[in-house]
Amino acid sequence: MTTSLTLATAPVVRRWRPRPGAAVGALMLGTVLLLTAIVPLLPGFDPMGQDLRAALRPPFADPAHPLGTDALGRDLLSRLALASAVTLGMTVVIVIMNAVLGSLIGILAGYYGGRLEALITLVSNVTLAMPVVLLLIAICAVLRPSAGLTILVLGCTWWVGYARVTRNIAAALRRQDFVVSPLTQGGDSVWVLTRHIVPNVWPHTLIIAATDVATIVLITSSLEYLGLGVQPPVPSWGSMIFDGQRHLAGDPWLALLPGLVMLLAVGGVQFLSQQFTAETRGGLLRKGGMR
Amino acid sequence: MPGRPSPSVIDVLLFIARRLALAVATVLAVVTIAFVLGRATGEPGALLLPDNATQADVQALNSSLGFDRPLLVQYLDTLVGLVTGDFGDSYRLRESALGLVLQRVPATIELAFWAFLIGLALAVVAALTIQLTGSRVLRAIVGWAGAIRQSVPDFFFALLLVLVFSVLLGALPSLGRTSYASLVLPVATLATGQFVMYLRLLDAALSEQAGQDYVRTAIAQGQRRSTVLFTRMLPNAIVPVLGMAGLNLGGLLGGTVVVEVVFAWPGLGKLLTDAVSQRDFPIVQAGLVFVALAFVIVNTAVDVLVRRIDTRTAAA
Amino acid sequence: MSTVLRIENLRIETDGDTPRTLVDGVSLQVDRGESLGVVGESGSGKSLTVLAALGLLPVGTRVTGGRIVIDDRVLVDVEADVWAGERELRALRGRTAAMVFQDPMSSLDPLRAVGAQVASAVRVHAPRLSRRAARERAIDLLTSVGVRDAAERAATRPHQWSGGMRQRAMIAMAIAHDPLLLIADEPTTALDVTVQAQVMDLLAEVRDRTGSALVLITHDLGLVAENSDRLTVMHHGRVVETGATRAVLAAPAEDYTRRLMAAMPAEQERATPAVRTGEADALVAENIVVDYRVSGRKTPVRAVDGVSVRIAAGETVAVVGESGCGKSSLAKAVLGIQPAAAGTVVVGGVPVRSELAARTAAERELAQIVFQDPYSALDPRLTVHELVAEPLRIRRAYNRATVGTLLADVGLDESYAKRLPGQLSGGQRQRVGIARALALRPRLLVLDEPVSALDVSIQAQVLTLLDTLQREHGLGYLFISHDLGVVRSIADRVIVMQHGRVVEEAPTAQIFSDPQHPFTRQLLAAVPRLDGPRRTARPAAA
Amino acid sequence: ATGTLLLSGCAGGFDEGGDAGSGDTPTRIVAAIPTDPTSMDPIKSGALVVLSVFFHTFDQLVTITADGELAPKLATEWTPNDDLTQWDFTLQEGVTASNGEAITAEDVAFSYQTILADPTGENFAYLSSVASVEAVDDLTVRFILKSPFSAFPRNTSLISIVPADTYQEMGADAFAQAPIGSGPYVFDKIQTGVSYDLVRNDDYWGAAPAIESISLQPVSSDESRVNGVLSGSLDVAPIGPTQVESVESQDSAQVFSALSNGVVFLGVNSTSGVLTDARIREAIGLAIDKEAITEGLLSGLAEPASTTLAPAVEGYSDEVTDPGYDPDRARELLAEAGYAGEPIPFDYATDGRIPLSADVAQTIQASLEDVGFTVDLRGADQQAHTLKVRGREMEGIYLNTWAPSTVDGDLPLTDLYEPAGNNNYAQDPRTAELAAEQRGVEGESRLDVFTELLSYSNEQGYYVPLYVPMNNYAADPDLDWTPRADGLFDFTQTSFK
Ligand SMILES: Nc1ncnc2c1ncn2[C@@H]1O[C@H](COP(=O)(O)OP(=O)(O)OP(=O)(O)O)[C@@H](O)[C@H]1O
Ligand SMILES: Nc1ncnc2c1ncn2[C@@H]1O[C@H](COP(=O)(O)OP(=O)(O)OP(=O)(O)O)[C@@H](O)[C@H]1O
Ligand SMILES: [Mg+2]
Ligand SMILES: [Mg+2]
């Protein structure tokens, strides 16, 4: 992933209609969640235990290590499960932080407008103009790189997309009569914000968040490529792929397995989220025959 | 209802003034953040001297680089440098930092520009084809391919491209910026990512336009669907996409690091990340100012373009 | 005499495994030079029927039965399995049959100059015409539909055009190729009566020139009376009655038609006023000025320019005037939503500040508003119960029973309490809005076009309700409307506004019987009536 | 040069690079270097990677061969006085720089004097022993040292000689853009951070090398270097140990491996916390199975080390031993010392100098925890790690490496055992004394001092030597080349088959 922004225009919340894509998406994501949930309960679960003499076992060769072992002889299945938990956990935290922060900023900017909005525009411009990777490298140079730091930095710098979308919605809502009307009835801004703006904004936030999951997973793994993020010996998808890359020629599964798990999870979330954003395709511009 | 006057000279001047103020504020903020982070990361002397240099040598070097001055003086110095465009010499490379940054700029712009252009162009073609044919199969295929591409990190995707096209087929160079052929793989890595993103945005925007009444009006006049699509819907749909593209291209200019590392592409991203970790502050400052300026300029250009396409926003 | 459009036994269903029938067995016919009016309640299938004729059905619906013939070309014959292709339809659309759609705001491409859009409509069926010639033709067309300075205005974009002007542009496009058939789907609902009259005059004049047939869809019976030769009444996707317009309206044969007619506001003032003397005036607004700051302009736009209004308790004062004359702005100033730049507001005897934010909660409760648009006035996520409860909750006076009573007051029983606004009809939403406004027992109720979105039968229900409530609670009403028939039947006094100023103010009876100001007269003259003058194209039978 | 570069860059222009792919034996070599070189001014620049350029384009007084031996280069012979404080170097006759300027003792003296004049220069530290330099006559240079130093000539192998008049005329900045030296190659084109292109100097005074042109290109990623060689974009590139096997199995490349001049070791801060207890320090050494690391993790591409000097380095002695791997003994020692699980910080650099450093660190962590240590693993990037080491901020143990480019034990020992040494956390006066003593003696007696010092260090557990890594390279299968112990490139003896 590049660190460039992936922003979506405000998607339209649509009624859930089961589509094949949704089923596939749920299946893909479900597989990964199941892996995360079940494997730690299995008897052989040991993501940290090293055995250099049993290093680089291929998958299915050794019943003790169903998916083989890595360069330090650690059980790959266990590590995959732990990595999934770690990465997904981090991602979810980061996404939630950004979604909350971004929506809050966007809502306030959209609702109040004026000076506040100008300030927020400046802050988001600076955030966008300051490459996250650089920021993280600089901060890691001072503090030690850790999952927490990555969460903190990414969690505070990836909100611009949310802010922009929610700002537009909030600005549009502000002019809606149903937002004005509680004011005429004696309610204050807090009332309007909490009862009308936030509840009408958050479904949109949710949809961006769903697409953002993919982006954040990719960014955190890219950061791990640069040595920033979850620290060994705790695995993550990014670091597993990165470590596995070195063995791509001889032991390709080391990179491909975490790659596959990541594909399942990220692709699954994407398919699922597409279900929300899928349009009534074609609209008025459909094939023009009578039939 | 009286027609709104088209933007007056005052409007345009105001717009320019506001933009300039925003640009200056952005650059200033970025430089300040960079300065603070820079001083927090520590003094570079120890990184510049060989292992057997003593602490005294390191101290001497640090003070000759000006680190013994009060922070405020150093900061003001940075600001003066910003105004005069003189960011000083790189500590490591002992050349003008700005010169080094500018040396790398073409490579980065080239990469970002092609990736952006090809990604966007392909997305436009694909989105238009989907709309025109109304083919669900096509949309599904493109959607799946996009989801899969987006599930693979750039560094891994780049590596797979290298393995297939350079190592296996020997068709394309795997690294460096030596010939037009060497552009292909890095651009392909970035452009595919861009493509997926723009396709999503465009497809959503076009689908939304397709539901607009003016489309029905045009069809009811007997216009060809393709005409309606190209001349009516596309300009309408591209406006929001352009806004996103501006943000994105700005980001792309500072953020192609991973690809630059994999392809040993002599771009700004690698120079900057190296400079940050090596505490080569003059390069960091010069580079960040460039990135921030590029971001502001690109986005201003996009805004102007959008205002030209959509005069409704001009008055707002 | 040749038939231009013939629809026989048309059936339209939704796609999908369990198709719903939307239009069933509809037959109608228009001859050359003739004008056919189509009326019926909202959702009865009027639009779908005519859209089907040009192959423009929205996604998710399709023709499943019947025949459509335009100018002797069979476009659809389900039994014979004849389906016109895209190419054939394209040749027909805009040349043989053209449409004017309801909403002139969204029916034009927002990004292209209006002239260019007209020119491209010209060039569709005259590809050999040079661009320049097409442009000139476009300007001619715009001039011919009454756009002044067409050459200059052609270069501007739709947002710089007023609604009436846009509708003219739509008509200019529709008549670019002198079509045999013009279909106008509610061409004037968004326009005020004077503009509506202009548009209808224009359509008549065009038909006079080209001899085309017209299908006019509307819910305004006066409008069809003045503008159609024959009338088709639709109900629940079926045609219930067809015949010569005057004959049908004079002696409706079907029950539904009769009900429609009965719901039309009576052309007389209300019998007994509900004004209560001795109570504080509901509203005393003096010299209200409302300014809007517009970027790029030094001086603000003055929407309301020194208007004074007095409303006694239990009195209804109507504000009428053309679109954009400042009616809503006045209402917002009274409420404080758009603070007045000058002037004083006293509500129920209490002087209040001009900004809403500066008013105390108690002051805010004195005046309530029912918004113009029932669709944006209700939070789509809240149930009816919650919506009505909200003002009470704000005041910490929530009580289940109170909400129930309020709903009952506006004629909504318990079964509606759990519904969301999306599950209500327009009239029901409007009633929820009224219940909300009444919850705080205000002295003044501002009603901004409360019935313009409703069809006549529902409109009648709402008006009756308002009358009842006024008599019970002694409310003062500030009633904004452009429907003079409604105004006549409900208002005690009428204020006529033009360009932000009051041009005439008088008791209702006097306004209607003896209008003083020329503008008032112009307004009154433009109101379509069942017995109004016939606007004919060439006499059809001749 | 910058101006034209920019122009061509903006126009999207490229230089057609690439290998001579025709049937003849190629005479151009493209080599990857792992990091960006610094300035091309040899007076100012002293970072190791730049030496790969300077060895080709400049002359040094002496040179160190691929196997670590001292050999004449610009100097034909050198002699110390009795107490090793004065060294006279005799220069080769008739040497000229590529612009025709004669290289004499004056130029040598100028080069050294310029370096000595700037204590903030990168090269200054290599000459910390020098008091003064002078040209005795045209072909003789005399170095006066501050104290006796037997291995001094090796240090001169790092200092490149510039033509004094040219350097002064051009000024340092301009010289860095278009450097002129007397080496077997001359600069063709410098693109900072992108490529450093050299062509053969046909007027070179010495034996003409076979390779006509050399391009050194920084490529920071391991994978990219391997793929560069496999795909033909590169002719030779350093690679990581895990890649060796897969490259070996390919026809399109060959592997060169050579034991390096460096040792990877654990630094121990013996002055803080539980590590002040020598028993606990000893337990650390006993807990680590070096064999497992070298054979398992590093695929045999390293040798277990028992001292902080690599075998290739002058001063190495196989008499120095370490206690070996004995986890049980380690546990006993911990129990004896009453270690109660106090966490020991363990710092390492996630990238950079030590290949697979993260894996190595994790293995060590596992081994230590296996015997009962509590280890707090802390990664940082190489630069932050270096700053911490040099700032004496390491609190527990840390992973580090020392590879003397002089291939002599003096440099590392100064750093590891003398008071000013960056890695010297113990500040033991005895080690400082011994480290100074070896400078004043030569030959066998010098070796004895080394042995004593290193054995003492092992006993005290100041450092835990881990292993001597190999330098591994992927290369064009036709390349005839010998890798150097110090990991630098020297293609003067190289050719294609
Ligand atoms: N795309 C669609 N899919 C499914 N049902 C539709 C669609 N469009 C319209 N309908 C339904 O078809 C019926 C007829 O709609 P139509 O638009 O013809 O009504 P109408 O008579 O024109 O009403 P109005 O006066 O409100 O415009 C309505 O019940 C409507 O809900
Ligand atoms: N927010 C605003 N900013 C600038 N001008 C405005 C704004 N709102 C209204 N106006 C202008 O003020 C004038 C009066 O508008 P207002 O909405 O009061 O008209 P109205 O009489 O309610 O019209 P309608 O019948 O169309 O609702 C119009 O010219 C309008 O363009
Ligand atoms: Mg309709
Ligand atoms: Mg209004």
# chains A, B, ... in the order shown; residues from 1 in each chain; ligands from 1

$ residues_around --residues "segment 346-350 of chain D" --least-positions-apart "6" --cutoff "10 Å" --atoms "only C-alpha atoms" --output "PyMOL selection string"
(chain A and resi 226-228+231-232) or (chain D and resi 266-268+356-362+364-365+374-386+388-389+394-400)

$ residues_around --residues "Gly206 of chain D" --least-positions-apart "6" --cutoff "9 Å" --atoms "only C-alpha atoms" --output "JSON, numbers by chain"
{"D": [73, 95, 183, 184]}

$ write_last_selection --atoms "N, CA, C and O atoms" --output "mmCIF file, in the first residue's frame"
data_model
loop_
_atom_site.group_PDB
_atom_site.id
_atom_site.type_symbol
_atom_site.label_atom_id
_atom_site.label_comp_id
_atom_site.auth_asym_id
_atom_site.auth_seq_id
_atom_site.Cartn_x
_atom_site.Cartn_y
_atom_site.Cartn_z
ATOM 1 N N LYS D 73 50.501 -0.102 -2.330
ATOM 2 C CA LYS D 73 49.707 0.467 -3.407
ATOM 3 C C LYS D 73 50.452 1.709 -3.905
ATOM 4 O O LYS D 73 51.358 1.590 -4.727
ATOM 5 N N VAL D 95 53.622 8.569 -10.668
ATOM 6 C CA VAL D 95 52.163 8.444 -10.585
ATOM 7 C C VAL D 95 51.523 9.786 -10.928
ATOM 8 O O VAL D 95 51.967 10.835 -10.453
ATOM 9 N N GLY D 183 43.539 6.646 -9.316
ATOM 10 C CA GLY D 183 43.241 5.224 -9.271
ATOM 11 C C GLY D 183 43.053 4.605 -10.637
ATOM 12 O O GLY D 183 43.103 5.293 -11.653
ATOM 13 N N PRO D 184 42.827 3.298 -10.651
ATOM 14 C CA PRO D 184 42.681 2.573 -11.923
ATOM 15 C C PRO D 184 41.417 2.952 -12.691
ATOM 16 O O PRO D 184 41.276 2.582 -13.859
#

$ atom_distance --atom1 "atom CA of Gly37 of chain C" --atom2 "atom CA of Ala244 of chain C"
9.7 Å

$ interface_residues --of "chain C" --to "chain A" --cutoff "9 Å" --atoms "only C-alpha atoms" --output "MDAnalysis selection string"
chainID C and resid 52 54:59 62:63 75:76 83:90 335:337 356:357 359:374 376:381 390:392 394:395 437 440

$ residues_near_ligand --ligand "ligand 2" --cutoff "10 Å" --atoms "only C-alpha atoms and all ligand atoms" --output "number ranges by chain"
A: 175; B: 1-4; C: 162-163, 190-192, 290-295, 300-304, 319-333, 338, 372, 448-449, 480-482, 497-500

$ interface_residues --of "chain C" --to "chain B" --cutoff "6 Å" --atoms "only C-alpha atoms" --output "PyMOL selection string"
chain C and resi 90+93-94+106-109+111+124+160-162+296

$ write_last_selection --atoms "all heavy atoms" --output "short mmCIF file (atom, residue, chain, number, x, y, z; two decimals), in the first residue's frame"
data_model
loop_
_atom_site.label_atom_id
_atom_site.label_comp_id
_atom_site.auth_asym_id
_atom_site.auth_seq_id
_atom_site.Cartn_x
_atom_site.Cartn_y
_atom_site.Cartn_z
N ARG C 90 -34.98 5.48 -30.28
CA ARG C 90 -34.20 6.71 -30.32
C ARG C 90 -34.69 7.63 -31.43
O ARG C 90 -34.75 8.85 -31.28
CB ARG C 90 -32.73 6.37 -30.50
CG ARG C 90 -31.84 7.36 -29.82
CD ARG C 90 -30.45 6.82 -29.64
NE ARG C 90 -29.86 6.49 -30.90
CZ ARG C 90 -29.05 5.46 -31.10
NH1 ARG C 90 -28.76 4.68 -30.09
NH2 ARG C 90 -28.54 5.21 -32.27
N ARG C 93 -38.05 9.13 -30.04
CA ARG C 93 -37.98 10.04 -28.89
C ARG C 93 -37.49 11.41 -29.34
O ARG C 93 -36.51 11.52 -30.06
CB ARG C 93 -37.01 9.52 -27.85
CG ARG C 93 -37.43 8.25 -27.17
CD ARG C 93 -36.29 7.77 -26.29
NE ARG C 93 -36.62 6.51 -25.65
CZ ARG C 93 -35.71 5.60 -25.29
NH1 ARG C 93 -34.43 5.83 -25.53
NH2 ARG C 93 -36.07 4.50 -24.70
N GLY C 94 -38.18 12.40 -28.91
CA GLY C 94 -37.75 13.76 -29.22
C GLY C 94 -38.21 14.22 -30.59
O GLY C 94 -38.31 15.41 -30.83
N SER C 106 -34.11 19.49 -11.65
CA SER C 106 -33.17 18.39 -11.82
C SER C 106 -33.20 17.82 -13.23
O SER C 106 -32.39 16.98 -13.56
CB SER C 106 -33.47 17.28 -10.81
OG SER C 106 -34.77 16.79 -11.05
N SER C 107 -34.13 18.30 -14.05
CA SER C 107 -34.23 17.69 -15.38
C SER C 107 -33.24 18.28 -16.37
O SER C 107 -33.16 17.83 -17.50
CB SER C 107 -35.65 17.83 -15.92
OG SER C 107 -36.50 17.02 -15.14
N LEU C 108 -32.51 19.29 -15.95
CA LEU C 108 -31.47 19.84 -16.81
C LEU C 108 -30.11 19.47 -16.23
O LEU C 108 -29.93 19.40 -15.02
CB LEU C 108 -31.60 21.37 -16.88
CG LEU C 108 -32.82 21.88 -17.65
CD1 LEU C 108 -32.97 23.38 -17.45
CD2 LEU C 108 -32.70 21.57 -19.13
N ASP C 109 -29.14 19.28 -17.15
CA ASP C 109 -27.79 18.96 -16.72
C ASP C 109 -27.19 20.18 -16.02
O ASP C 109 -27.07 21.24 -16.63
CB ASP C 109 -26.96 18.59 -17.96
CG ASP C 109 -25.54 18.21 -17.61
OD1 ASP C 109 -25.13 18.46 -16.47
OD2 ASP C 109 -24.84 17.66 -18.47
N LEU C 111 -24.31 21.08 -15.25
CA LEU C 111 -23.00 21.59 -15.63
C LEU C 111 -22.94 22.21 -17.02
O LEU C 111 -21.93 22.77 -17.41
CB LEU C 111 -21.94 20.49 -15.55
CG LEU C 111 -21.68 19.90 -14.18
CD1 LEU C 111 -20.44 19.04 -14.22
CD2 LEU C 111 -21.54 20.99 -13.14
N VAL C 124 -29.69 16.20 -32.16
CA VAL C 124 -29.92 14.75 -32.09
C VAL C 124 -30.58 14.25 -33.36
O VAL C 124 -30.17 13.25 -33.95
CB VAL C 124 -30.86 14.38 -30.93
CG1 VAL C 124 -30.93 12.88 -30.78
CG2 VAL C 124 -30.43 15.01 -29.65
N GLN C 160 -28.59 29.31 -12.77
CA GLN C 160 -28.81 30.75 -12.88
C GLN C 160 -30.19 31.07 -13.46
O GLN C 160 -30.50 32.21 -13.72
CB GLN C 160 -27.71 31.36 -13.75
CG GLN C 160 -26.36 31.34 -13.04
CD GLN C 160 -25.20 31.49 -13.99
OE1 GLN C 160 -25.08 30.74 -14.96
NE2 GLN C 160 -24.36 32.48 -13.73
N TRP C 161 -30.97 30.01 -13.71
CA TRP C 161 -32.31 30.22 -14.27
C TRP C 161 -33.35 30.00 -13.19
O TRP C 161 -33.20 29.14 -12.32
CB TRP C 161 -32.56 29.23 -15.41
CG TRP C 161 -31.78 29.55 -16.65
CD1 TRP C 161 -30.47 29.86 -16.72
CD2 TRP C 161 -32.29 29.59 -17.98
NE1 TRP C 161 -30.11 30.09 -18.00
CE2 TRP C 161 -31.20 29.93 -18.81
CE3 TRP C 161 -33.54 29.38 -18.55
CZ2 TRP C 161 -31.34 30.05 -20.19
CZ3 TRP C 161 -33.67 29.50 -19.93
CH2 TRP C 161 -32.58 29.84 -20.73
N SER C 162 -34.44 30.74 -13.26
CA SER C 162 -35.51 30.51 -12.30
C SER C 162 -36.32 29.29 -12.73
O SER C 162 -36.18 28.82 -13.86
CB SER C 162 -36.42 31.73 -12.22
OG SER C 162 -37.20 31.80 -13.40
N GLY C 296 -19.23 37.47 -2.53
CA GLY C 296 -18.92 38.16 -3.77
C GLY C 296 -19.75 39.41 -3.97
O GLY C 296 -19.58 40.13 -4.95
#

$ interface_residues --of "chain B" --to "chain D" --cutoff "8 Å" --atoms "only C-alpha atoms" --output "PyMOL selection string"
chain B and resi 46-55+57-58+60-61+64+92-95+99-100+102-103+106-107+110+162-163+166-168+170+173-180+261-264+266+277-278

$ interface_residues --of "chain A" --to "chain D" --cutoff "9 Å" --atoms "only C-alpha atoms" --output "VMD selection string"
chain A and resid 48 to 50 52 to 55 71 to 72 137 140 to 146 226 to 228 231 to 233 245 to 250

$ atom_distance --atom1 "atom CA of Arg157 of chain C" --atom2 "atom CA of Val114 of chain C"
5.5 Å

$ atom_distance --atom1 "atom CA of Val487 of chain C" --atom2 "atom CA of Leu36 of chain C"
28.8 Å

$ residues_near_ligand --ligand "ligand 3" --cutoff "8 Å" --atoms "only C-alpha atoms and all ligand atoms" --output "PyMOL selection string"
chain C and resi 42-43+45-48+102+185-186+217

$ select_by_dssp --residues "segment 285-479 of chain C" --states "strand (DSSP E)" --output "number ranges by chain"
C: 285-292, 301-311, 316-321, 342-347, 350-352, 367-370, 444-448, 476-479

$ write_last_selection --atoms "C-alpha atoms" --output "PDB file, in the first residue's frame"
ATOM      1  CA  ALA C 285     -44.291  41.651  13.993  1.00  0.00           C
ATOM      2  CA  GLU C 286     -43.260  45.153  13.088  1.00  0.00           C
ATOM      3  CA  ASN C 287     -41.109  46.250  10.174  1.00  0.00           C
ATOM      4  CA  ILE C 288     -39.354  42.955   9.704  1.00  0.00           C
ATOM      5  CA  VAL C 289     -36.275  43.085   7.464  1.00  0.00           C
ATOM      6  CA  VAL C 290     -34.462  39.923   6.372  1.00  0.00           C
ATOM      7  CA  ASP C 291     -31.103  40.105   4.641  1.00  0.00           C
ATOM      8  CA  TYR C 292     -29.036  37.290   3.176  1.00  0.00           C
ATOM      9  CA  VAL C 301     -29.855  40.355  -0.666  1.00  0.00           C
ATOM     10  CA  ARG C 302     -32.914  41.844   1.015  1.00  0.00           C
ATOM     11  CA  ALA C 303     -35.574  39.141   1.027  1.00  0.00           C
ATOM     12  CA  VAL C 304     -38.047  40.832   3.347  1.00  0.00           C
ATOM     13  CA  ASP C 305     -38.209  44.598   3.408  1.00  0.00           C
ATOM     14  CA  GLY C 306     -40.154  46.096   6.282  1.00  0.00           C
ATOM     15  CA  VAL C 307     -43.111  43.780   6.643  1.00  0.00           C
ATOM     16  CA  SER C 308     -45.533  44.106   9.565  1.00  0.00           C
ATOM     17  CA  VAL C 309     -48.005  41.384  10.521  1.00  0.00           C
ATOM     18  CA  ARG C 310     -50.524  41.232  13.322  1.00  0.00           C
ATOM     19  CA  ILE C 311     -52.339  38.001  14.110  1.00  0.00           C
ATOM     20  CA  THR C 316     -55.597  32.874  10.367  1.00  0.00           C
ATOM     21  CA  VAL C 317     -53.547  35.252   8.301  1.00  0.00           C
ATOM     22  CA  ALA C 318     -52.490  33.987   4.876  1.00  0.00           C
ATOM     23  CA  VAL C 319     -49.414  35.203   3.065  1.00  0.00           C
ATOM     24  CA  VAL C 320     -49.477  34.823  -0.692  1.00  0.00           C
ATOM     25  CA  GLY C 321     -47.148  35.974  -3.414  1.00  0.00           C
ATOM     26  CA  ALA C 342     -34.421  44.840  11.834  1.00  0.00           C
ATOM     27  CA  GLY C 343     -37.892  44.921  13.325  1.00  0.00           C
ATOM     28  CA  THR C 344     -39.517  43.567  16.440  1.00  0.00           C
ATOM     29  CA  VAL C 345     -41.345  40.342  17.108  1.00  0.00           C
ATOM     30  CA  VAL C 346     -43.863  39.864  19.893  1.00  0.00           C
ATOM     31  CA  VAL C 347     -45.288  36.379  20.227  1.00  0.00           C
ATOM     32  CA  VAL C 350     -43.974  38.303  24.851  1.00  0.00           C
ATOM     33  CA  PRO C 351     -41.322  40.342  23.038  1.00  0.00           C
ATOM     34  CA  VAL C 352     -38.605  38.004  21.780  1.00  0.00           C
ATOM     35  CA  ALA C 367     -44.202  30.041  18.210  1.00  0.00           C
ATOM     36  CA  GLN C 368     -43.967  26.778  16.290  1.00  0.00           C
ATOM     37  CA  ILE C 369     -43.595  25.999  12.640  1.00  0.00           C
ATOM     38  CA  VAL C 370     -44.855  23.323  10.288  1.00  0.00           C
ATOM     39  CA  LEU C 444     -48.657  30.983  17.102  1.00  0.00           C
ATOM     40  CA  LEU C 445     -48.372  28.306  14.454  1.00  0.00           C
ATOM     41  CA  VAL C 446     -46.532  29.143  11.270  1.00  0.00           C
ATOM     42  CA  LEU C 447     -47.595  26.909   8.402  1.00  0.00           C
ATOM     43  CA  ASP C 448     -45.306  27.147   5.396  1.00  0.00           C
ATOM     44  CA  GLY C 476     -53.050  32.050  15.617  1.00  0.00           C
ATOM     45  CA  TYR C 477     -52.014  30.818  12.157  1.00  0.00           C
ATOM     46  CA  LEU C 478     -49.538  32.388   9.814  1.00  0.00           C
ATOM     47  CA  PHE C 479     -50.498  30.478   6.694  1.00  0.00           C
TER      48      PHE C 479
END

$ residues_around --residues "Phe156 of chain B" --least-positions-apart "6" --cutoff "9 Å" --atoms "only C-alpha atoms" --output "ChimeraX atom specification"
/A:241-242,245,255,259

$ write_last_selection --atoms "all heavy atoms" --output "tab-separated table (two decimals), in the first residue's frame"
chain	number	residue	atom	x	y	z
A	241	ILE	N	4.60	-11.72	6.31
A	241	ILE	CA	4.84	-11.69	4.86
A	241	ILE	C	6.25	-11.19	4.58
A	241	ILE	O	6.99	-11.76	3.78
A	241	ILE	CB	3.82	-10.77	4.16
A	241	ILE	CG1	2.41	-11.33	4.30
A	241	ILE	CG2	4.17	-10.60	2.70
A	241	ILE	CD1	1.35	-10.48	3.64
A	242	PHE	N	6.62	-10.16	5.30
A	242	PHE	CA	7.93	-9.56	5.08
A	242	PHE	C	9.03	-10.56	5.40
A	242	PHE	O	9.96	-10.76	4.61
A	242	PHE	CB	8.05	-8.31	5.94
A	242	PHE	CG	9.37	-7.66	5.82
A	242	PHE	CD1	9.92	-7.40	4.56
A	242	PHE	CD2	10.08	-7.29	6.94
A	242	PHE	CE1	11.15	-6.79	4.45
A	242	PHE	CE2	11.30	-6.67	6.82
A	242	PHE	CZ	11.84	-6.43	5.59
A	245	GLN	N	9.13	-13.30	2.80
A	245	GLN	CA	9.66	-12.90	1.50
A	245	GLN	C	11.08	-13.39	1.27
A	245	GLN	O	11.45	-13.74	0.16
A	245	GLN	CB	9.68	-11.38	1.40
A	245	GLN	CG	8.41	-10.80	0.88
A	245	GLN	CD	8.58	-9.31	0.62
A	245	GLN	OE1	9.67	-8.80	0.51
A	245	GLN	NE2	7.49	-8.63	0.53
A	255	ALA	N	5.57	-16.83	3.01
A	255	ALA	CA	4.97	-15.54	2.67
A	255	ALA	C	3.55	-15.72	2.16
A	255	ALA	O	2.68	-14.89	2.39
A	255	ALA	CB	5.82	-14.83	1.62
A	259	GLY	N	-0.12	-14.16	3.40
A	259	GLY	CA	-0.72	-13.40	2.31
A	259	GLY	C	-2.14	-13.86	2.05
A	259	GLY	O	-3.06	-13.06	1.87

$ closest_residue --among "C:Val26, C:Ala119, C:Ala417, C:Ala154" --to "ligand 1" --atoms "only C-alpha atoms and all ligand atoms"
C:Val26

$ residues_around --residues "Val32 of chain A" --least-positions-apart "5" --cutoff "9 Å" --atoms "only C-alpha atoms" --output "number ranges by chain"
A: 27, 37, 81, 84, 261-262, 264-265
